[in-house]
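Student: Would you mind keeping the following structure in view while I ask a few things?
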Amino acid sequence: MKLSEKFIRLGLILLIALSLYFSYVIWLSPSNRTVHEQTMNQVIATQNYRKASDVFMPLSVSWIDGEDIQQTTSETLISELQPLITSAKIEKLATTTYDSFDEFQEQADIQRGIELDYVGPFSLQEYLTMFDLNSSEKNADGYFTKVQLDFEQKEIRFINVKWYQITKAAMAFDQTDFQEVLEQAKTTWTAMTKENRLQNLQFNLKEPVKMKMYSYISSSQAYTVFRDAFFKDAADVKSNEDSQDVVLYDGSENMTIQQEQQLVDFRGELLPDEDSTDIYSQSFHFISRLGTNLGNVRFFDRSKDTANYRIFVEGFPVFSEDIRGEINLTISEDKSGDGLPVHIQTSLNTIQVPIPSEEEIELANNETIIDQILAAGGNREQIRSMIIGYQWQDIKDTNGVVDLVPTWYIKYDETWYPYKKLVTQLSETEAE
């Protein structure tokens, strides 16, 4: 071998050795690895947090053109409309309270525009803040279940059906921008009607509707998902190994994982924060930290001091006979001065992987369902709301496969029921 070749080979060996050394220093050094892992974990955690605009997205949008009313639950379309609302200039809000339902109903309808609907009441102030609306309002009081954009009057309107209130303001926007998004939307519109509406003024289906049934593989989440989301400092959490269930605790916070029921029960305290003054923003503190681990979790309803969040599939909420598919978050009044007591209940079980299915189920329109409830002895005034949701049904002799079956759900006297169960319960009460 020539001398020059020996020098070249020796040089290559030295370069490879230096390359390996620098790779160790940059990537494999324990101190650098720790910093790198911490940085990556922080990035991943931040990226996994849910946005308020996703969690508190309206449940449906109706496109109103005189007597022609169409509705969809398309999350894509709603997320495209929201930035147009956000960018428009909103003038000073003014609230009018009406003495009678008939007068209120007459004023609550628009002839041309869009209507974004919630099931549970939502805070006007939180809507302005979370969706970053272009408004000078700093302390907007009140709640609503409908947001309307009146194309004719150039107004934004917030409808409170419980207190017969309409809060509205002039709004500068280009109607053609909304028209373009609505006309180009890749969604299935459902024909609706204003006839025979409930007191919550939701539109009714004109005709029966066919909906796709889904099957999903369900799985049990690791309890660390909830530990990391709910505890103030998950790194300091201790566990009790003497209990049949898993018990985690840290100071005033504790969480019990009931293994047999797959139930997560967390109790803690939330320190008052001037930027987090009501149950929506306070509960979002916990929901956002769950990220997407449970699927598409969104705000669904509120009852007094409890906010109810549910998993949504194709724009429709998931219901079950137990607490699977939902998160109930209660924040009580601070009587001790130490913080707001927090109680969270949810399930370890969630749906993960969809299994293709072509099966469809036909659902009757609203009025048909209402007639069945009244025939069973129900009271129309007690029907607070109706919504189509997916019922979580276990499949026998399968390993973690569940069906999601389209079903009408009725909020009757402040409780949600699948309509068949409600009809049966009312019939039995009537027979007694």
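If you're wondering about the labels, chains in the structure tokens are A, B, ... by order shown, residues count from 1 in each chain, ligands from 1 in order shown.
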Please extract the residues of region 217-357 of chain A with a backbone DSSP assignment of strand (DSSP E or B) and present them as JSON, numbers by chain.
Tutor: {"A": [217, 218, 219, 220, 238, 239, 240, 246, 247, 248, 249, 250, 253, 254, 255, 256, 257, 258, 263, 264, 265, 266, 267, 268, 269, 270, 273, 276, 297, 298, 299, 300, 301, 302, 303, 306, 307, 308, 309, 310, 311, 312, 313, 316, 317, 318, 319, 326, 327, 328, 329, 330, 331, 340, 341, 342, 343, 344, 345, 346, 347, 349, 350, 351, 352, 353, 354, 355]}
Student: Looking only at alpha helix (DSSP H) from DSSP on the backbone, list the matching residues of region 90-185 of chain A as a ChimeraX atom specification.
Tutor: /A:101-108,124-130,175-184
Student: Go ahead and write the selection's residues with N, CA and C atoms as a CSV table (one decimal), in the first residue's frame.
Tutor:
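As written to disk, out_12.csv reads:
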```csv
chain,number,residue,atom,x,y,z
A,101,PHE,N,-93.9,35.0,25.5
A,101,PHE,CA,-93.2,34.1,24.5
A,101,PHE,C,-93.5,34.4,23.1
A,102,ASP,N,-94.8,34.7,22.9
A,102,ASP,CA,-95.3,35.0,21.5
A,102,ASP,C,-94.6,36.2,20.9
A,103,GLU,N,-94.4,37.3,21.7
A,103,GLU,CA,-93.7,38.5,21.2
A,103,GLU,C,-92.3,38.2,21.0
A,104,PHE,N,-91.7,37.4,21.9
A,104,PHE,CA,-90.3,37.0,21.8
A,104,PHE,C,-90.0,36.2,20.6
A,105,GLN,N,-90.9,35.2,20.3
A,105,GLN,CA,-90.7,34.3,19.2
A,105,GLN,C,-90.8,35.1,17.9
A,106,GLU,N,-91.7,36.1,17.8
A,106,GLU,CA,-91.9,36.9,16.6
A,106,GLU,C,-90.6,37.6,16.3
A,107,GLN,N,-89.9,38.1,17.3
A,107,GLN,CA,-88.7,38.9,17.2
A,107,GLN,C,-87.5,38.1,17.0
A,108,ALA,N,-87.5,36.8,17.4
A,108,ALA,CA,-86.3,36.0,17.5
A,108,ALA,C,-86.0,35.3,16.1
A,124,LEU,N,-72.1,34.9,26.9
A,124,LEU,CA,-71.9,35.9,25.9
A,124,LEU,C,-70.5,36.5,26.0
A,125,GLN,N,-70.0,36.8,27.2
A,125,GLN,CA,-68.7,37.3,27.4
A,125,GLN,C,-67.6,36.3,26.9
A,126,GLU,N,-67.8,35.0,27.3
A,126,GLU,CA,-66.9,34.0,26.8
A,126,GLU,C,-66.9,33.8,25.3
A,127,TYR,N,-68.0,34.0,24.7
A,127,TYR,CA,-68.1,33.8,23.2
A,127,TYR,C,-67.2,35.0,22.6
A,128,LEU,N,-67.4,36.2,23.1
A,128,LEU,CA,-66.6,37.3,22.6
A,128,LEU,C,-65.2,37.1,22.8
A,129,THR,N,-64.8,36.5,23.9
A,129,THR,CA,-63.4,36.4,24.3
A,129,THR,C,-62.8,35.2,23.5
A,130,MET,N,-63.4,34.0,23.6
A,130,MET,CA,-62.8,32.8,23.1
A,130,MET,C,-62.7,32.8,21.6
A,175,GLN,N,-71.7,40.2,2.9
A,175,GLN,CA,-72.6,39.0,2.8
A,175,GLN,C,-72.1,38.0,1.8
A,176,THR,N,-71.5,38.5,0.7
A,176,THR,CA,-71.0,37.6,-0.3
A,176,THR,C,-69.9,36.7,0.2
A,177,ASP,N,-69.2,37.1,1.2
A,177,ASP,CA,-68.2,36.2,1.7
A,177,ASP,C,-68.8,35.0,2.4
A,178,PHE,N,-69.9,35.2,3.1
A,178,PHE,CA,-70.7,34.2,3.8
A,178,PHE,C,-71.4,33.3,2.7
A,179,GLN,N,-72.0,33.9,1.7
A,179,GLN,CA,-72.7,33.2,0.7
A,179,GLN,C,-71.7,32.2,0.0
A,180,GLU,N,-70.5,32.7,-0.3
A,180,GLU,CA,-69.5,31.9,-1.0
A,180,GLU,C,-69.2,30.6,-0.2
A,181,VAL,N,-68.9,30.8,1.1
A,181,VAL,CA,-68.6,29.7,1.9
A,181,VAL,C,-69.8,28.7,2.0
A,182,LEU,N,-71.0,29.2,2.2
A,182,LEU,CA,-72.2,28.4,2.3
A,182,LEU,C,-72.4,27.6,1.0
A,183,GLU,N,-72.3,28.3,-0.1
A,183,GLU,CA,-72.6,27.6,-1.4
A,183,GLU,C,-71.5,26.6,-1.8
A,184,GLN,N,-70.3,26.8,-1.4
A,184,GLN,CA,-69.2,25.9,-1.7
A,184,GLN,C,-69.0,24.8,-0.7
```
Student: Excluding region 250-253 of chain A and residues on its chain fewer than 4 positions from it, collect all residues at most 6 Å away from it, counting only C-alpha atoms, and give them as a ChimeraX atom specification.
Tutor: /A:237,267-268
Student: Taking 3 positions as the minimum chain separation for residues in the same chain, which residues sit within 12 Å of Leu198 (chain A) when counting only C-alpha atoms? Answer as a list in words.
Tutor: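 These residues fall inside the cut-off: Phe101, Gln105, Val161, Lys162, Thr193, Lys194, Glu195, Leu201, Gln202, Phe203, Asn204, Asn366, Glu367, Ile370, Asn379, Arg380, Glu381, Gln382, Ile383, Arg384, Ser385, Met386, Ile410, Lys411 and Tyr412 of chain A.
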Student: Between CA of Tyr49 (chain A) and CA of Pro121 (chain A), what is the distance in Å, rounded to a tenth?
Tutor: 24.0 Å
Student: Considering only C-alpha atoms, can you say which of A:Glu321, A:Asp371, A:Glu359, A:Glu428 comes closest to Asp394 (chain A)?
Tutor: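 Among the listed residues, A:Glu321 lies closest to Asp394 (chain A).
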Student: Which residue gives the smallest distance to Phe231 (chain A) among A:Leu340, A:Asn254, A:Val119, A:Ser136, with only C-alpha atoms counted?
Tutor: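 Answer, going by the shortest atom-to-atom distance: A:Asn254.
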Student: Write out as JSON lines a residue-level contact list of region 84-177 of chain A versus region 289-300 of chain A with cut-off 12 Å: for each qualifying residue the closest pair of atoms and the distance in Å to one decimal, counting only C-alpha atoms, rows sorted by chain and residue number upward.
Tutor:
```
{"residue": "A:Asp117", "atom": "CA", "partner": "A:Phe300", "partner_atom": "CA", "distance": 11.0}
{"residue": "A:Tyr118", "atom": "CA", "partner": "A:Phe300", "partner_atom": "CA", "distance": 7.5}
{"residue": "A:Val119", "atom": "CA", "partner": "A:Phe300", "partner_atom": "CA", "distance": 6.3}
{"residue": "A:Gly120", "atom": "CA", "partner": "A:Phe300", "partner_atom": "CA", "distance": 6.1}
{"residue": "A:Pro121", "atom": "CA", "partner": "A:Phe300", "partner_atom": "CA", "distance": 9.2}
{"residue": "A:Phe122", "atom": "CA", "partner": "A:Phe299", "partner_atom": "CA", "distance": 9.4}
{"residue": "A:Thr145", "atom": "CA", "partner": "A:Phe300", "partner_atom": "CA", "distance": 11.1}
```
Student: Restricted to all heavy atoms, what would the selected residues look like written as a tab-separated table (two decimals), in the first residue's frame?
Tutor:
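The resulting file, out34.tsv, is shown below:
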```
chain	number	residue	atom	x	y	z
A	117	ASP	N	-76.15	27.18	16.51
A	117	ASP	CA	-76.89	26.71	17.68
A	117	ASP	C	-76.01	25.97	18.68
A	117	ASP	O	-75.13	25.19	18.31
A	117	ASP	CB	-78.02	25.77	17.25
A	117	ASP	CG	-79.14	26.51	16.54
A	117	ASP	OD1	-79.66	27.48	17.12
A	117	ASP	OD2	-79.48	26.13	15.41
A	118	TYR	N	-76.31	26.21	19.96
A	118	TYR	CA	-75.80	25.42	21.07
A	118	TYR	C	-76.99	24.69	21.70
A	118	TYR	O	-78.13	25.12	21.55
A	118	TYR	CB	-75.15	26.31	22.14
A	118	TYR	CG	-73.84	26.94	21.72
A	118	TYR	CD1	-73.82	28.16	21.05
A	118	TYR	CD2	-72.63	26.32	22.00
A	118	TYR	CE1	-72.62	28.76	20.68
A	118	TYR	CE2	-71.42	26.91	21.63
A	118	TYR	CZ	-71.42	28.12	20.97
A	118	TYR	OH	-70.24	28.70	20.59
A	119	VAL	N	-76.71	23.61	22.43
A	119	VAL	CA	-77.75	22.95	23.22
A	119	VAL	C	-77.82	23.60	24.59
A	119	VAL	O	-78.88	24.02	25.04
A	119	VAL	CB	-77.48	21.44	23.34
A	119	VAL	CG1	-78.39	20.82	24.40
A	119	VAL	CG2	-77.73	20.75	22.01
A	120	GLY	N	-76.68	23.66	25.28
A	120	GLY	CA	-76.64	24.27	26.60
A	120	GLY	C	-76.36	25.76	26.50
A	120	GLY	O	-75.82	26.24	25.50
A	121	PRO	N	-76.75	26.53	27.51
A	121	PRO	CA	-76.49	27.97	27.51
A	121	PRO	C	-75.00	28.26	27.51
A	121	PRO	O	-74.22	27.57	28.17
A	121	PRO	CB	-77.16	28.45	28.81
A	121	PRO	CG	-77.19	27.25	29.69
A	121	PRO	CD	-77.37	26.08	28.78
A	122	PHE	N	-74.61	29.27	26.76
A	122	PHE	CA	-73.21	29.67	26.68
A	122	PHE	C	-73.08	31.14	27.04
A	122	PHE	O	-73.98	31.95	26.77
A	122	PHE	CB	-72.66	29.39	25.28
A	122	PHE	CG	-71.16	29.49	25.19
A	122	PHE	CD1	-70.36	28.85	26.12
A	122	PHE	CD2	-70.55	30.21	24.18
A	122	PHE	CE1	-68.97	28.94	26.04
A	122	PHE	CE2	-69.17	30.30	24.09
A	122	PHE	CZ	-68.39	29.65	25.03
A	145	THR	N	-78.26	30.65	23.50
A	145	THR	CA	-78.12	29.33	22.86
A	145	THR	C	-78.07	29.45	21.34
A	145	THR	O	-77.83	28.45	20.65
A	145	THR	CB	-79.29	28.39	23.25
A	145	THR	OG1	-80.52	29.04	22.96
A	145	THR	CG2	-79.22	28.01	24.72
```
